[in-house]
Amino acid sequence: MSKKRNGKPSVKREKDFSRKIFKILSKDPNKLFNYKQIAAALELNDTKSRNEIIKELKFLASKETIEEVERGKYRVVSKADYIEGVIDMTSRKTAYFVSDELEDDVFIPTGNLNKALDGDKVKVYIYNRRRGRRPEGEVVEIIERARVEFVGVIDIQKNFAFVSTANPKMYTDIFIPKNKLGNAQDGDVVLVKIDDWPAKADSPFGEVLRVLGRPGEHNTEIHAILAEYGLPYDFPVDVEAYAQKIDTSIKEEEIANRRDMRKVLTFTIDPKDAKDFDDALSFQVLENGNYEVGIHIADVSYYLEEGTLLDEEAFNRATSVYLVDRVVPMLPEVLSNFACSLRPHEEKYTFSAVFEINEKAEIVNQSFGRTAIYSDQRFAYEEAQHIIETKGNTIPQEISLTGEEYQVGNDIQQAVIKLDELAKILRRKRMQHGAISFDKVEVKFHLNEASEPTGVYFKVAKDANHLIEEFMLLANRKVAEFIGKQQPKKTFVYRIHDEPDEDKLFNLQSVISKFGYSINFKSKDLISKSLNNLLAEVQGKKEQNLVDTLAIRSMSKARYSTDNIGHYGLAFDYYSHFTSPIRRYPDVMAHRLLQHYLDGGKSVDEQEYEEKCKHSSDMENLAANAERDSIKYMQVKYMLDHKDEEFLGVISGVTEWGIYVEIVSNKCEGMCRIREINDDYYTFDEKQYALVGQVTQNLLQLGDEVYVKVKNADLVKKQLDFQYLGKKE
């Protein structure tokens, strides 16, 4: 069986042979195999091969990898070395195996993947578990594919085609038989589905599901981003038809079942281009001098009946997806932009958290329940900000939503000013309590009619944004607290956020120390205080975006769960999502559960809701990835028109193959390859996070300001390559 080289058997061939036998036994760990069955499975029928199999079986048994149960009959040794978990591919065709049962991730060499792809749930055999040896693993079974649909460019040959993806973690192309091409043309961007991966095939076999268009075209690339993450871009016809039939009229008999707040002063503050208004604030001064503040949220659960076709679609989507040039809504437009949207001068059904608040922003009383409201005014953030800054009634033409200068009523002007004062106290208390203030700069684009980016600007949160944020946080926290403190314990949907990973914080420390900053690790409180100081200190500095990004990455990911562990980043013991049911399904679940418990209902099935929470968290991550990709795509598209310009950038990453540079004026990031930096011969110094010039000893390290030009802009891969021009003196 084993080929000889210089009279010695090839070790690799023997290893491969052992592995093949082991794999056959592993696939059916409870079954007994003799040498004949293994020979048949390997399609070997000559005497020499059978003798080799017998020899290998004895060898594997001596290593206690398999056991001889009856004479000549073998099975895999059942031990804890077989572990279930998930594959995390690298871009170098190797992977790591991640499992809750293991402290550290296990390295999987390319040859041991056995057709597993990124994200797949697999069973792995782990070897080299002795001290001092780096454990490695081999995939012995694919339990569940993470995905079977992929986006790529099709290369059509005479009798077949291949689809290659731009995803660096997808290490294989996909073979498409001629009869499964659909109407794809050579070079199209297509969505394909893997049907099969035959034992002896290098590539999986698939079929074309949909042609997305030509590479580089705007709609093609946006649809490709959505398809890459399995996100829809339109509603099925039956769902749309169902939504159109819903009675969205406001009825007096329904208002009679609610607290009628239509006569209380109420308004919304949203981005100027918003179409769905989830939340409104009401304000009135009480006879005792306190203030009643109502946080009114669209009552989506009134229209979205549990178990219906529409509810199933909303749950599957779990979130709206906000791409640069469009929103892919969770709910059809008839609900998201009309019936549920708290539009000005319209009566609406709402679910409200109403608080009596004193001058010190302390909660004196609270109530939760279904209400009816009438919105007296719609503000854009800029308009509300103008009232806060000037304390005046006049909204100037240049920021007015109507395009005309207009006067705001005294009652609304005073409400905005008082709510701003209360919000500032709430925010200050939150920060003193250990909340972390992430005000990361958001990149936004000016788009023309063809959705081409004509300019880049940064969205910065001001007082008006913080006003809305603080009252939404208050409602989310108080709803979660109201249910969370009830005895006996009731199942609820919480938004939880674990403490940061210490290793990631130490990594952050090693980077920020280069800029003269530090984190105090002595206690949990001091960590959050020093993180806040750090985020305040970098405001407006060249390294701000880099430090903000690294600080966010050092945090755990917030997620949904029925198991309340509190929210570290906000410093809340109880927190939920209650305020955005038009665009988030967990908020719909929170509304339903809150009403169920207000009606005296018993606690619901925790396991069922935990699964719904997990699905919602997964979909939120996919949507965030799609949003990030759409920003990257727009940045690359924008830079295509600025190829001859020189830009000042900050080194945002250093690796053995080059430096990543983020342009200061537009936050676009690209790579300068080490071999193309010509003013010296550079090598990577891991300890200093720097490239070091061998002749000049010149350092290129994180945070350095450098000049670059666009060398290449790849719309399909969403990548920029920069030409390094030199350091800023």
# chains A, B, ... in the order shown; residues from 1 in each chain; ligands from 1
>>> select_by_dssp(residues="stretch 469-633 of chain A", states="strand (DSSP E or B)", output="JSON, numbers by chain")
{"A": [494, 495, 496, 497, 559, 560, 561, 567, 572, 584]}
>>> write_last_selection(atoms="C-alpha atoms", output="JSON list (two decimals), in the first residue's frame")
[["chain", "number", "residue", "atom", "x", "y", "z"],
["A", 494, "TYR", "CA", -33.28, 40.45, 28.81],
["A", 495, "ARG", "CA", -30.53, 42.28, 26.99],
["A", 496, "ILE", "CA", -27.38, 41.11, 28.76],
["A", 497, "HIS", "CA", -23.74, 42.17, 28.53],
["A", 559, "ARG", "CA", -27.01, 39.54, 23.45],
["A", 560, "TYR", "CA", -30.54, 38.44, 24.32],
["A", 561, "SER", "CA", -31.18, 35.85, 27.01],
["A", 567, "HIS", "CA", -25.59, 44.79, 31.51],
["A", 572, "PHE", "CA", -27.61, 48.15, 34.95],
["A", 584, "ARG", "CA", -36.48, 44.43, 16.57]]
>>> closest_atom_pairs(of="stretch 451-522 of chain A", to="stretch 424-437 of chain A", cutoff="8 Å", atoms="only C-alpha atoms", output="Markdown table")
| residue | atom | partner | partner_atom | distance |
| --- | --- | --- | --- | --- |
| A:His466 | CA | A:Lys424 | CA | 8.0 |
| A:Leu467 | CA | A:Lys424 | CA | 7.5 |
| A:Glu470 | CA | A:Arg427 | CA | 6.5 |
>>> write_last_selection(atoms="N, CA and C atoms", output="PDB file, in the first residue's frame")
ATOM      1  N   HIS A 466     -28.781  62.381  23.050  1.00  0.00           N
ATOM      2  CA  HIS A 466     -28.657  61.846  24.417  1.00  0.00           C
ATOM      3  C   HIS A 466     -29.984  61.928  25.173  1.00  0.00           C
ATOM      4  N   LEU A 467     -30.768  62.971  24.890  1.00  0.00           N
ATOM      5  CA  LEU A 467     -32.085  63.114  25.531  1.00  0.00           C
ATOM      6  C   LEU A 467     -32.936  61.871  25.237  1.00  0.00           C
ATOM      7  N   GLU A 470     -31.405  58.581  26.794  1.00  0.00           N
ATOM      8  CA  GLU A 470     -31.567  58.396  28.245  1.00  0.00           C
ATOM      9  C   GLU A 470     -32.978  57.931  28.610  1.00  0.00           C
TER      10      GLU A 470
END
>>> residues_around(residues="stretch 47-63 of chain A", least_positions_apart="6", cutoff="10 Å", atoms="only C-alpha atoms", output="MDAnalysis selection string")
chainID A and resid 1:2 14:15 17:19 21:22 34:36 38:40 72:77
>>> closest_residue(among="A:Glu362, A:Glu646, A:Glu305, A:Asp173", to="A:Trp197", atoms="only C-alpha atoms")
A:Asp173
>>> residues_around(residues="stretch 677-693 of chain A", least_positions_apart="6", cutoff="9 Å", atoms="only C-alpha atoms", output="compact mmCIF listing (two decimals) with N, CA and C atoms, in the first residue's frame")
# COMPACT_ATOMS: atom_id res chain seq x y z
N VAL A 511 -1.68 48.30 23.30
CA VAL A 511 -1.77 49.22 22.15
C VAL A 511 -1.83 50.66 22.64
N GLY A 653 -3.36 49.25 11.92
CA GLY A 653 -3.04 47.84 12.13
C GLY A 653 -1.67 47.54 11.54
N VAL A 654 -0.93 46.65 12.17
CA VAL A 654 0.39 46.26 11.66
C VAL A 654 0.46 44.74 11.66
N THR A 655 0.81 44.15 10.50
CA THR A 655 0.93 42.70 10.40
C THR A 655 2.22 42.36 9.65
N GLU A 656 2.51 41.07 9.57
CA GLU A 656 3.75 40.67 8.88
C GLU A 656 3.70 40.97 7.38
N TRP A 657 2.46 41.17 6.84
CA TRP A 657 2.39 41.44 5.39
C TRP A 657 2.17 42.91 5.06
N GLY A 658 2.10 43.79 6.08
CA GLY A 658 1.98 45.21 5.78
C GLY A 658 1.30 46.00 6.86
N ILE A 659 0.94 47.25 6.52
CA ILE A 659 0.25 48.11 7.48
C ILE A 659 -1.14 48.45 6.96
N LEU A 699 10.69 53.30 12.23
CA LEU A 699 9.56 52.50 12.73
C LEU A 699 8.27 52.98 12.08
N LEU A 700 7.46 52.03 11.64
CA LEU A 700 6.08 52.33 11.24
C LEU A 700 5.19 51.59 12.23
N GLN A 701 4.58 52.35 13.15
CA GLN A 701 3.80 51.67 14.20
C GLN A 701 2.41 52.27 14.37
N LEU A 702 1.58 51.55 15.12
CA LEU A 702 0.19 51.96 15.34
C LEU A 702 0.12 53.43 15.72
N GLN A 723 -1.02 52.96 -1.79
CA GLN A 723 0.41 53.14 -2.06
C GLN A 723 0.96 54.01 -0.94
N TYR A 724 2.04 53.56 -0.30
CA TYR A 724 2.64 54.31 0.81
C TYR A 724 3.50 55.43 0.23
N LEU A 725 3.24 56.67 0.67
CA LEU A 725 4.00 57.81 0.15
C LEU A 725 5.03 58.33 1.14
N GLY A 726 4.82 58.08 2.43
CA GLY A 726 5.80 58.55 3.42
C GLY A 726 5.12 58.96 4.71
>>> select_by_dssp(residues="stretch 172-321 of chain A", states="alpha helix (DSSP H)", output="PyMOL selection string")
chain A and resi 218-228+237-244+252-255+300-303+309-317
>>> atom_distance(atom1="atom CA of A:Asn290", atom2="atom CA of A:Glu359")
6.9 Å
>>> closest_atom_pairs(of="stretch 256-315 of chain A", to="stretch 366-377 of chain A", cutoff="9 Å", atoms="only C-alpha atoms", output="tab-separated table")
residue	atom	partner	partner_atom	distance
A:Asn257	CA	A:Arg370	CA	8.1
A:Arg258	CA	A:Thr371	CA	4.8
A:Arg259	CA	A:Thr371	CA	4.6
A:Asp260	CA	A:Ala372	CA	5.1
A:Met261	CA	A:Ile373	CA	5.1
A:Arg262	CA	A:Ile373	CA	4.2
A:Lys263	CA	A:Tyr374	CA	7.2
A:Val264	CA	A:Ile373	CA	7.8
A:Leu265	CA	A:Asp376	CA	6.6
A:Thr266	CA	A:Ser375	CA	5.0
A:Phe267	CA	A:Gln377	CA	4.8
A:Thr268	CA	A:Gln377	CA	6.6
A:Ile269	CA	A:Gln377	CA	8.8
A:Ala280	CA	A:Ser375	CA	7.5
A:Leu281	CA	A:Ser375	CA	8.9
A:Ser282	CA	A:Ser375	CA	8.7
A:His296	CA	A:Ile373	CA	8.0
A:Asp299	CA	A:Arg370	CA	7.7
>>> residues_around(residues="stretch 198-209 of chain A", least_positions_apart="3", cutoff="10 Å", atoms="only C-alpha atoms", output="JSON, numbers by chain")
{"A": [114, 115, 148, 149, 150, 151, 154, 161, 162, 163, 171, 172, 173, 174, 175, 176, 177, 178, 179, 180, 181, 182, 183, 184, 190, 191, 192, 193, 194, 195, 212]}
